[in-house]
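Let me begin by presenting the structure, written as structure tokens, before commenting on it.
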Amino acid sequence: MTARLRVLRRRSATLVVLATLSVVTGLCSWQAAAAPLDLALGADLGWLWRSDYGDSSRGYRVPEIFIAGRHALGHRLSFRPAVRLGYVGLGQPVMPSSLRMREDDLTLGAEAGLTYDAVIVPSLVLGAMVVSRLTTVAVAPPVAVTGAGLGGFDLYAGPYVQAGVAAKLWGGAVMVGPFARFASVYRDARAHWRFGVEASWRLSPAAE
Amino acid sequence: MDAPAQSERGVVVLVGRDTSRRAGLGGLALATLVGSLCAGCSLDPGPPYRARVLTLEQFDRATERGVVALADRDLPHLSDLDALRGPEIVVYRGGAMTVRTYAGSVVYQGQFDHGAKAEPRYAIERGVVVPLDYPSLIMLSVHHDFGRILDALLVATGVSVAELLGAARIEAFFEPVIRVASETADVTVSLRLNAFNLLGTRQFGLAERSPLEQAPLAANRAVLAHELGHALFTYLFAGSETLECAALGAGRSVGQWLSEYTVAGFNEGFADFLAFTVTGVTNVLFDLPRIDAGERSLTRATFGWSGLADDCQGGLYCVGSLLARSLYEALLELGYDPDDADSRGAFARGVFTALAHTRAGLARLGADVLPPPSWTVSACAIDDALHPVDDGRIAGAFLGILAEAMPPEQRAAVCRAFVRNFGEEGFPVVARGVCGDVP
């Protein structure tokens with residue numbers, strides 16, 4: 001009973017985060033609609049820490065691409081919405097030779113963040129993502145599938161928060177810096193933390 | 001296990017496997033959101049539970065090949081799915097195994113800590129728990145296979161589950177972090193291709209998977225039965241005595257006896273023999289063709305005691321294989337059917353009953369029969385290698401007592417097998433006792 005209450009409390013908290021995120025995103029988008037957004041195209045390479053072995057975690061390379069906007073809010077603060085597409089599956093855990101279980105994830109995230117424009121640009125982002133996972137299982141003797149087998153297509157969702165800093169290069173046309181992200185995917189508690197480096201290229205002239 | 005109501009289905013299945021082909025993108029997104037938020041709303045399908053697991057289904061003695069099926073099976077010993085816990089068995093995720101001394105697959109000094117709640121990831125399909133990732137599949141399979149071993153225990157050994165477990169549970173730690181701590185080193189290692197029993201406990205460690213395995217070793221019922229065989233050996237050999245290492249004195253304490261190279265080897269042999277009795281598997285390494293040299297095979301190995309140094313590379317496992325092979329040969333000679341569990345049990349119950357008499361029998365022997373314990377044994381550590389003469393005297397004494405305690409109708413065949421495989425060096429004439437008169 002206690003465990004069930006704890007789960008419900010956790011879900012309620014996540015619901016509040018998602019609702020808050022939606023409201024903030026909506027308000028900022030509404031304000032940003034009055035002015036043009038600076039757009040940037042970006043890519044990042046991160047290491048996702050996932051506990052596939054017992055309860056210990058190992059890192060997997062995860063590439064992503066994203067499109068981010070930027071709208072100045074004043075006092076050097078900017079609103080930074082973005083959508084990002086990632087792939088988790090370049091690295092797979094070790095498997096026995098006759099039973100290979102492979103997970104390939106496509107992740108689609110939408111986020112809203114704030115940046116502070118200084119020599120180094122710190123950022124804080126809240127987002128939500130959908131994970132589309134294809135699980136495939138290949139077997140060979142002595143393993144034999146006598147029933148329905150395993151694997152298939154599954155969908156997951158969850159919020160994330162990301163913090164990072166970036167250095168401005170070429171007058172701010174290119175931004176490069178490290179980030180750390182904490183994600184909570186429903187029904188998959190194996191992976192939370194991701195660390196990486198992202199870079200973005202401004203597509204439109206800065207509206208100073 | 002008929003088709004369930006929609007509300008019984010796990011959310012992932014609801015949105016991902018069953019409905020997605022029919023739903024449009026909007027419906028899919030909505031179902032995802034609702035499904036994700038309502039993940040805990042799905043009804044628990046048990047107990048009793050039925051799950052998709054890996055389990056050893058067939059073993060062909062002629063080719064020593066097995067079939068490990070991915071199939072739906074009942075888990076009658078499971079009462080809490082999230083914790084993978086039941087009255088007799090619990091499976092933990094990870095944890096830390098500290099090893100101070102070990103030999104074979106027995107940790108003589110060490111401990112397990114910090115095993116996390118298993119929390120397998122699963123969907124429910126038609127009332128069946130379907131694991132969604134590799135650790136969940138293996139942990140469910142381990143629980144299922146230990147359950148099947150316990151179901152077979154009484155027939156196979158004459159020892160009931162209640163007797164073996166007492167107030168304890170089988171505690172299996174799935175892929176723990178292994179720390180080897182000694183006076184000269186303290187390192188964390190990724191140990192693979194093995195499972196372990198902590199001496200004197202019902203705790204088992206399942207080492208990390210390896211590509212050298214075909215089917216996962218942790219889901220190999222013969223391997224799990226072998227490990228439980230160590231717990232059974234210690235229970236029967238030590239009886240109610242503690243395993244503490246006594247000071248060097250006139251005799252040996254139980255801890256010192258268990259540290260004798262030969263007795264540690266016999267521990268492995270009885271474990272292999274229990275694996276055979278419970279599963280019919282005559283080679284617990286059948287799943288490791290790139291490693292298996294046939295030394296553990298009850299049907300193919302041919303070395304004897306005199307060839308332990310040159311013809312077998314497995315150290316104390318080789319001593320165990322000699323014992324297990326002898327028992328197997330006696331079973332065949334007496335006409336028991338190795339493919340029938342009841343028939344195997346009818347022979348093996350005599351063996352395990354006799355094992356319970358060996359410790360007391362050894363304690364009665366004097367210095368004229370037994371060599372004094374080495375300094376290593378006195379400290380309850382295991383020697384690195386066989387000392388053929390002294391270890392032969394200990395092996396002979398053990399085998400003589402075991403044979404004497406066997407049921408009379410089985411004794412002669414067992415004696416002949418011991419004499420054939422151990423020879424004069426491993427089963428000296430002076431130690432043969434009742435076997436001395438057997439033609």
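Letters A, B, ... go to the chains of the structure tokens in the order shown; residues in each chain start at 1; ligands are counted from 1 in the same order.
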Mind listing as an NGL selection string which residues of chain B are within 6 Å of chain A, counting only C-alpha atoms? :B and (16 or 66-71 or 93-94 or 174-176 or 210-211 or 213-216)
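For B:Gln256, the set of protein, DNA and RNA residues having any atom at most 10 Å away, when counting only C-alpha atoms and skipping those fewer than 6 positions along the same chain, is Leu243, Glu244, Cys245, Ala246, Ala247, Leu248, Val263, Pro373, Ser374, Thr376, Val377, Ser378, Ala379, Cys380, Ala381 and Ile382 of chain B.
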Please provide the set of residues having any atom within 9 Å of stretch 79-92 of chain A, restricted to only C-alpha atoms, with same-chain residues fewer than 4 positions apart removed, written as number ranges by chain. A: 25, 28-29, 32, 42-43, 48, 59-73, 101-115, 123, 125, 127, 129
Quick one: write out the picked residues with C-alpha atoms as a PDB file, in the first residue's frame?
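Contents of part.pdb, as written:
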```pdb
ATOM      1  CA  THR A  25       5.976  27.094 -22.633  1.00  0.00           C
ATOM      2  CA  CYS A  28       6.611  32.228 -23.500  1.00  0.00           C
ATOM      3  CA  SER A  29       5.523  31.075 -26.916  1.00  0.00           C
ATOM      4  CA  ALA A  32       7.582  35.175 -28.456  1.00  0.00           C
ATOM      5  CA  GLY A  42      22.385  22.002 -33.282  1.00  0.00           C
ATOM      6  CA  ALA A  43      23.774  18.580 -32.553  1.00  0.00           C
ATOM      7  CA  LEU A  48      23.589   7.945 -21.304  1.00  0.00           C
ATOM      8  CA  GLY A  59      27.581   4.819 -20.496  1.00  0.00           C
ATOM      9  CA  TYR A  60      26.209   4.566 -24.015  1.00  0.00           C
ATOM     10  CA  ARG A  61      26.884   7.085 -26.785  1.00  0.00           C
ATOM     11  CA  VAL A  62      23.759   8.945 -27.789  1.00  0.00           C
ATOM     12  CA  PRO A  63      23.678  11.428 -30.695  1.00  0.00           C
ATOM     13  CA  GLU A  64      20.971  14.062 -31.077  1.00  0.00           C
ATOM     14  CA  ILE A  65      20.031  16.887 -33.404  1.00  0.00           C
ATOM     15  CA  PHE A  66      17.918  19.831 -32.423  1.00  0.00           C
ATOM     16  CA  ILE A  67      16.408  23.076 -33.602  1.00  0.00           C
ATOM     17  CA  ALA A  68      16.335  25.841 -31.031  1.00  0.00           C
ATOM     18  CA  GLY A  69      14.848  29.312 -31.026  1.00  0.00           C
ATOM     19  CA  ARG A  70      15.909  32.313 -29.028  1.00  0.00           C
ATOM     20  CA  HIS A  71      13.832  35.246 -27.944  1.00  0.00           C
ATOM     21  CA  ALA A  72      15.284  38.032 -25.840  1.00  0.00           C
ATOM     22  CA  LEU A  73      13.309  38.706 -22.676  1.00  0.00           C
ATOM     23  CA  MET A 101      18.197  -8.611 -27.092  1.00  0.00           C
ATOM     24  CA  ARG A 102      18.563  -5.241 -28.745  1.00  0.00           C
ATOM     25  CA  GLU A 103      16.831  -1.980 -27.927  1.00  0.00           C
ATOM     26  CA  ASP A 104      16.750   0.891 -30.420  1.00  0.00           C
ATOM     27  CA  ASP A 105      15.149   4.119 -29.258  1.00  0.00           C
ATOM     28  CA  LEU A 106      14.142   7.178 -31.224  1.00  0.00           C
ATOM     29  CA  THR A 107      13.495  10.035 -28.833  1.00  0.00           C
ATOM     30  CA  LEU A 108      11.565  13.183 -29.669  1.00  0.00           C
ATOM     31  CA  GLY A 109      11.713  15.982 -27.131  1.00  0.00           C
ATOM     32  CA  ALA A 110      10.171  19.420 -26.811  1.00  0.00           C
ATOM     33  CA  GLU A 111      11.562  21.842 -24.294  1.00  0.00           C
ATOM     34  CA  ALA A 112      11.516  25.363 -22.989  1.00  0.00           C
ATOM     35  CA  GLY A 113      14.517  26.999 -21.419  1.00  0.00           C
ATOM     36  CA  LEU A 114      16.132  30.159 -20.207  1.00  0.00           C
ATOM     37  CA  THR A 115      19.614  31.385 -21.082  1.00  0.00           C
ATOM     38  CA  SER A 123      21.099  27.573 -19.653  1.00  0.00           C
ATOM     39  CA  VAL A 125      15.829  23.703 -19.714  1.00  0.00           C
ATOM     40  CA  GLY A 127      11.312  19.391 -21.424  1.00  0.00           C
ATOM     41  CA  MET A 129       9.985  13.543 -24.503  1.00  0.00           C
TER      42      MET A 129
END
```
Do you know which residues are at most 10 Å from B:Ala360 counting only C-alpha atoms, after dropping those on the same chain fewer than 3 positions away, and could you put them as a count of residues only? 9
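The space separating atom CA of B:Ala118 from atom CA of B:Ser136 comes to 8.0 Å.
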List the spatial neighbours of A:Trp170 as a PDB file with C-alpha atoms, in the first residue's frame - criterion: any atom at most 12 Å away, only C-alpha atoms, same-chain residues fewer than 4 positions off excluded.
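Once written, selection-v3.pdb looks like this:
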```
ATOM      1  CA  VAL A 174      28.318  29.106 -32.960  1.00  0.00           C
ATOM      2  CA  MET A 175      27.705  28.010 -29.392  1.00  0.00           C
ATOM      3  CA  VAL A 176      29.555  25.026 -27.901  1.00  0.00           C
ATOM      4  CA  SER A 200      24.586  24.932 -32.326  1.00  0.00           C
ATOM      5  CA  TRP A 201      24.852  27.099 -35.378  1.00  0.00           C
ATOM      6  CA  ARG A 202      22.748  30.217 -35.683  1.00  0.00           C
TER       7      ARG A 202
END
```
Residues near stretch 190-204 of chain B, cut-off 6 Å, only C-alpha atoms, skip fewer than 5 positions along chain, as a ChimeraX atom specification: /B:105-108,170-172,227
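Candidate residues A:Val131, A:Ala180, A:Gly172, A:Ala138 were compared for distance to A:Pro159, and the nearest is A:Val131, using only C-alpha atoms.
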Where in stretch 1-207 of chain A does DSSP assign strand (DSSP E or B), given as a VMD selection string? chain A and resid 38 to 53 56 to 74 77 to 88 99 to 116 120 to 139 143 to 145 152 to 169 174 to 183 185 188 191 to 202
What does the structure give for the distance between atom CA of A:Leu124 and atom CA of A:Ala183, in Å to one decimal?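 So the answer is 13.7 Å.
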List as a list of chain:residue names the protein and nucleic acid residues near B:Pro76, meaning an atom at most 10 Å away when only C-alpha atoms are counted, but skip any in the same chain fewer than 5 places from it. B:Gly46, B:Pro47, B:Pro48, B:Tyr49, B:Arg50, B:Gly86, B:His143, B:His144, B:Gly147, B:Arg148, B:Asp151
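The space separating atom CA of B:His114 from atom CA of B:Val142 comes to 18.9 Å.
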